[in-house]
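Participant: Please see the structure below; I have some questions.
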Amino acid sequence: MLVEDFAEMCRLYENFEIWDVENMDAFFKGNSVLTTIFEDKYKISIAEFNQKRSEIKETNMQIIETVLSYVGDKSFYIFTHHNENHLELIKMQQQKIMNFWVDINNIKNDHVYVIIMDKKLSEAN
């Protein structure tokens, strides 16, 4: 599940980790479920991904968002260097709303980042 308004909703989640997605190969190697979802949704095998990439109109980040939106047992907040979500995280760290265990300002320009988290059981009901 993709999370919107992370600053407002972060208290509903726990077990945070930041996944640095270097490229699409790294994304698909992250978990075999992601490969299965991609192949089912896009009707392209992972083996053919690079060869048929131009047939997919979406950006890599949009593909990542689409695939992660089908994962039901985790929640995700996706950001890249200085996009709206990243700026929100910088603000949260500066205001000490949340500690990301790294300087959230200092991320790579060409990577996609995903905060992976679990919905708190007491808040899920």
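Note on naming: chains are A, B, ... as they come in the structure tokens, residues start from 1 per chain, ligands start from 1 in the order shown.
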What parts of segment 3-102 of chain A does DSSP call helix (DSSP H, G or I)? I'd like the answer as a ChimeraX atom specification.

Facilitator: /A:6-12,24-29,32-42,46-55,60-69,84-94

Participant: Would you compute the distance between atom CA of Glu39 of chain A and atom CA of Thr66 of chain A? Give it in Å to one decimal.

Facilitator: 12.0 Å

Participant: Write out as a ChimeraX atom specification which residues come within 8 Å of segment 74-84 of chain A when counting only C-alpha atoms, dropping same-chain ones fewer than 5 positions away.

Facilitator: /A:1-4,6,65,68,107-119

Participant: Quick one: residues within 12 Å of Phe28 of chain A, only C-alpha atoms, excluding same-chain residues fewer than 6 positions away - as a PyMOL selection string?

Facilitator: chain A and resi 21-22+34-39+45-47+49+60+63-64+67-68

Participant: Taking the backbone alone, and naming residues the way the document does, which bits of segment 25-123 of chain A are strand (DSSP E) by DSSP, as a VMD selection string?

Facilitator: chain A and resid 75 to 80 112 to 119

Participant: Print the selection's residues with all heavy atoms to a file, as a short mmCIF file (atom, residue, chain, number, x, y, z; two decimals), in the first residue's frame.

Facilitator:
```cif
data_model
loop_
_atom_site.label_atom_id
_atom_site.label_comp_id
_atom_site.auth_asym_id
_atom_site.auth_seq_id
_atom_site.Cartn_x
_atom_site.Cartn_y
_atom_site.Cartn_z
N SER A 75 3.56 -1.29 3.83
CA SER A 75 3.20 0.04 3.37
C SER A 75 4.47 0.73 2.89
O SER A 75 5.57 0.45 3.40
CB SER A 75 2.54 0.84 4.49
OG SER A 75 1.33 0.23 4.87
N PHE A 76 4.32 1.65 1.94
CA PHE A 76 5.47 2.26 1.29
C PHE A 76 5.28 3.77 1.09
O PHE A 76 4.17 4.22 0.82
CB PHE A 76 5.71 1.64 -0.09
CG PHE A 76 5.80 0.15 -0.06
CD1 PHE A 76 4.68 -0.63 -0.34
CD2 PHE A 76 6.98 -0.49 0.26
CE1 PHE A 76 4.75 -2.02 -0.32
CE2 PHE A 76 7.06 -1.88 0.30
CZ PHE A 76 5.94 -2.64 0.01
N TYR A 77 6.38 4.49 1.23
CA TYR A 77 6.41 5.92 0.91
C TYR A 77 7.62 6.11 0.01
O TYR A 77 8.76 5.85 0.41
CB TYR A 77 6.54 6.74 2.19
CG TYR A 77 6.39 8.22 2.01
CD1 TYR A 77 5.15 8.78 1.72
CD2 TYR A 77 7.47 9.07 2.14
CE1 TYR A 77 4.99 10.16 1.57
CE2 TYR A 77 7.33 10.45 2.00
CZ TYR A 77 6.08 10.98 1.72
OH TYR A 77 5.94 12.34 1.56
N ILE A 78 7.39 6.55 -1.21
CA ILE A 78 8.42 6.59 -2.24
C ILE A 78 8.89 8.03 -2.45
O ILE A 78 8.07 8.96 -2.49
CB ILE A 78 7.87 6.01 -3.55
CG1 ILE A 78 7.37 4.59 -3.32
CG2 ILE A 78 8.92 6.05 -4.65
CD1 ILE A 78 6.55 4.03 -4.45
N PHE A 79 10.20 8.20 -2.60
CA PHE A 79 10.73 9.54 -2.85
C PHE A 79 12.01 9.48 -3.66
O PHE A 79 12.68 8.45 -3.73
CB PHE A 79 10.94 10.30 -1.53
CG PHE A 79 11.95 9.69 -0.59
CD1 PHE A 79 13.24 10.18 -0.51
CD2 PHE A 79 11.60 8.63 0.25
CE1 PHE A 79 14.16 9.64 0.38
CE2 PHE A 79 12.51 8.09 1.14
CZ PHE A 79 13.80 8.59 1.20
N THR A 80 12.30 10.59 -4.31
CA THR A 80 13.55 10.79 -5.02
C THR A 80 14.12 12.13 -4.57
O THR A 80 13.44 12.92 -3.92
CB THR A 80 13.35 10.80 -6.55
OG1 THR A 80 12.42 11.83 -6.88
CG2 THR A 80 12.87 9.46 -7.06
N VAL A 112 15.94 5.91 -6.56
CA VAL A 112 14.61 5.99 -5.97
C VAL A 112 14.74 5.40 -4.57
O VAL A 112 15.45 4.42 -4.37
CB VAL A 112 13.57 5.19 -6.80
CG1 VAL A 112 12.23 5.12 -6.09
CG2 VAL A 112 13.41 5.80 -8.18
N TYR A 113 14.06 6.00 -3.61
CA TYR A 113 14.10 5.52 -2.23
C TYR A 113 12.69 5.16 -1.80
O TYR A 113 11.72 5.81 -2.19
CB TYR A 113 14.67 6.60 -1.30
CG TYR A 113 16.13 6.88 -1.58
CD1 TYR A 113 16.50 7.78 -2.58
CD2 TYR A 113 17.12 6.23 -0.87
CE1 TYR A 113 17.84 8.03 -2.85
CE2 TYR A 113 18.47 6.48 -1.14
CZ TYR A 113 18.81 7.38 -2.13
OH TYR A 113 20.13 7.61 -2.40
N VAL A 114 12.61 4.10 -1.01
CA VAL A 114 11.31 3.62 -0.53
C VAL A 114 11.40 3.42 0.98
O VAL A 114 12.28 2.70 1.45
CB VAL A 114 10.93 2.28 -1.20
CG1 VAL A 114 9.57 1.80 -0.70
CG2 VAL A 114 10.95 2.39 -2.72
N ILE A 115 10.52 4.09 1.71
CA ILE A 115 10.40 3.79 3.13
C ILE A 115 9.42 2.63 3.22
O ILE A 115 8.29 2.71 2.72
CB ILE A 115 9.89 4.98 3.95
CG1 ILE A 115 10.90 6.13 3.89
CG2 ILE A 115 9.62 4.57 5.41
CD1 ILE A 115 10.48 7.37 4.64
N ILE A 116 9.88 1.54 3.81
CA ILE A 116 9.06 0.34 4.00
C ILE A 116 8.65 0.32 5.46
O ILE A 116 9.49 0.53 6.35
CB ILE A 116 9.85 -0.93 3.66
CG1 ILE A 116 10.41 -0.84 2.25
CG2 ILE A 116 8.99 -2.18 3.85
CD1 ILE A 116 11.43 -1.92 1.92
N MET A 117 7.38 0.06 5.72
CA MET A 117 6.90 0.09 7.10
C MET A 117 5.69 -0.82 7.26
O MET A 117 5.08 -1.24 6.28
CB MET A 117 6.56 1.52 7.51
CG MET A 117 5.52 2.17 6.64
SD MET A 117 5.66 3.96 6.64
CE MET A 117 5.25 4.31 4.94
N ASP A 118 5.39 -1.10 8.51
CA ASP A 118 4.23 -1.92 8.86
C ASP A 118 3.19 -1.03 9.52
O ASP A 118 3.54 -0.16 10.31
CB ASP A 118 4.62 -3.02 9.85
CG ASP A 118 5.60 -4.01 9.28
OD1 ASP A 118 5.42 -4.42 8.12
OD2 ASP A 118 6.57 -4.38 9.99
N LYS A 119 1.95 -1.30 9.24
CA LYS A 119 0.85 -0.62 9.93
C LYS A 119 0.82 -1.16 11.36
O LYS A 119 0.92 -2.37 11.57
CB LYS A 119 -0.47 -0.92 9.21
CG LYS A 119 -1.64 -0.18 9.73
CD LYS A 119 -1.94 0.99 8.85
CE LYS A 119 -3.26 1.60 9.27
NZ LYS A 119 -3.55 2.78 8.55
#
```

Participant: If I take atom CA of Asn15 of chain A and atom CA of Val33 of chain A, how far is one from the other in Å, to one decimal?

Facilitator: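 These two atoms are separated by 19.8 Å.
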
Participant: For atom CA of Asp103 of chain A and atom CA of Ile90 of chain A, determine how far apart the two atoms are, in Å to one decimal place.

Facilitator: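 That distance, rounded to one decimal, is 8.6 Å.
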
Participant: With distances taken over only C-alpha atoms, which residue among A:Leu121, A:Cys10, A:Ile56, A:Val71 lies nearest Met98 of chain A?

Facilitator: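 Looking at the shortest contact to Met98 of chain A, the residue is A:Cys10.
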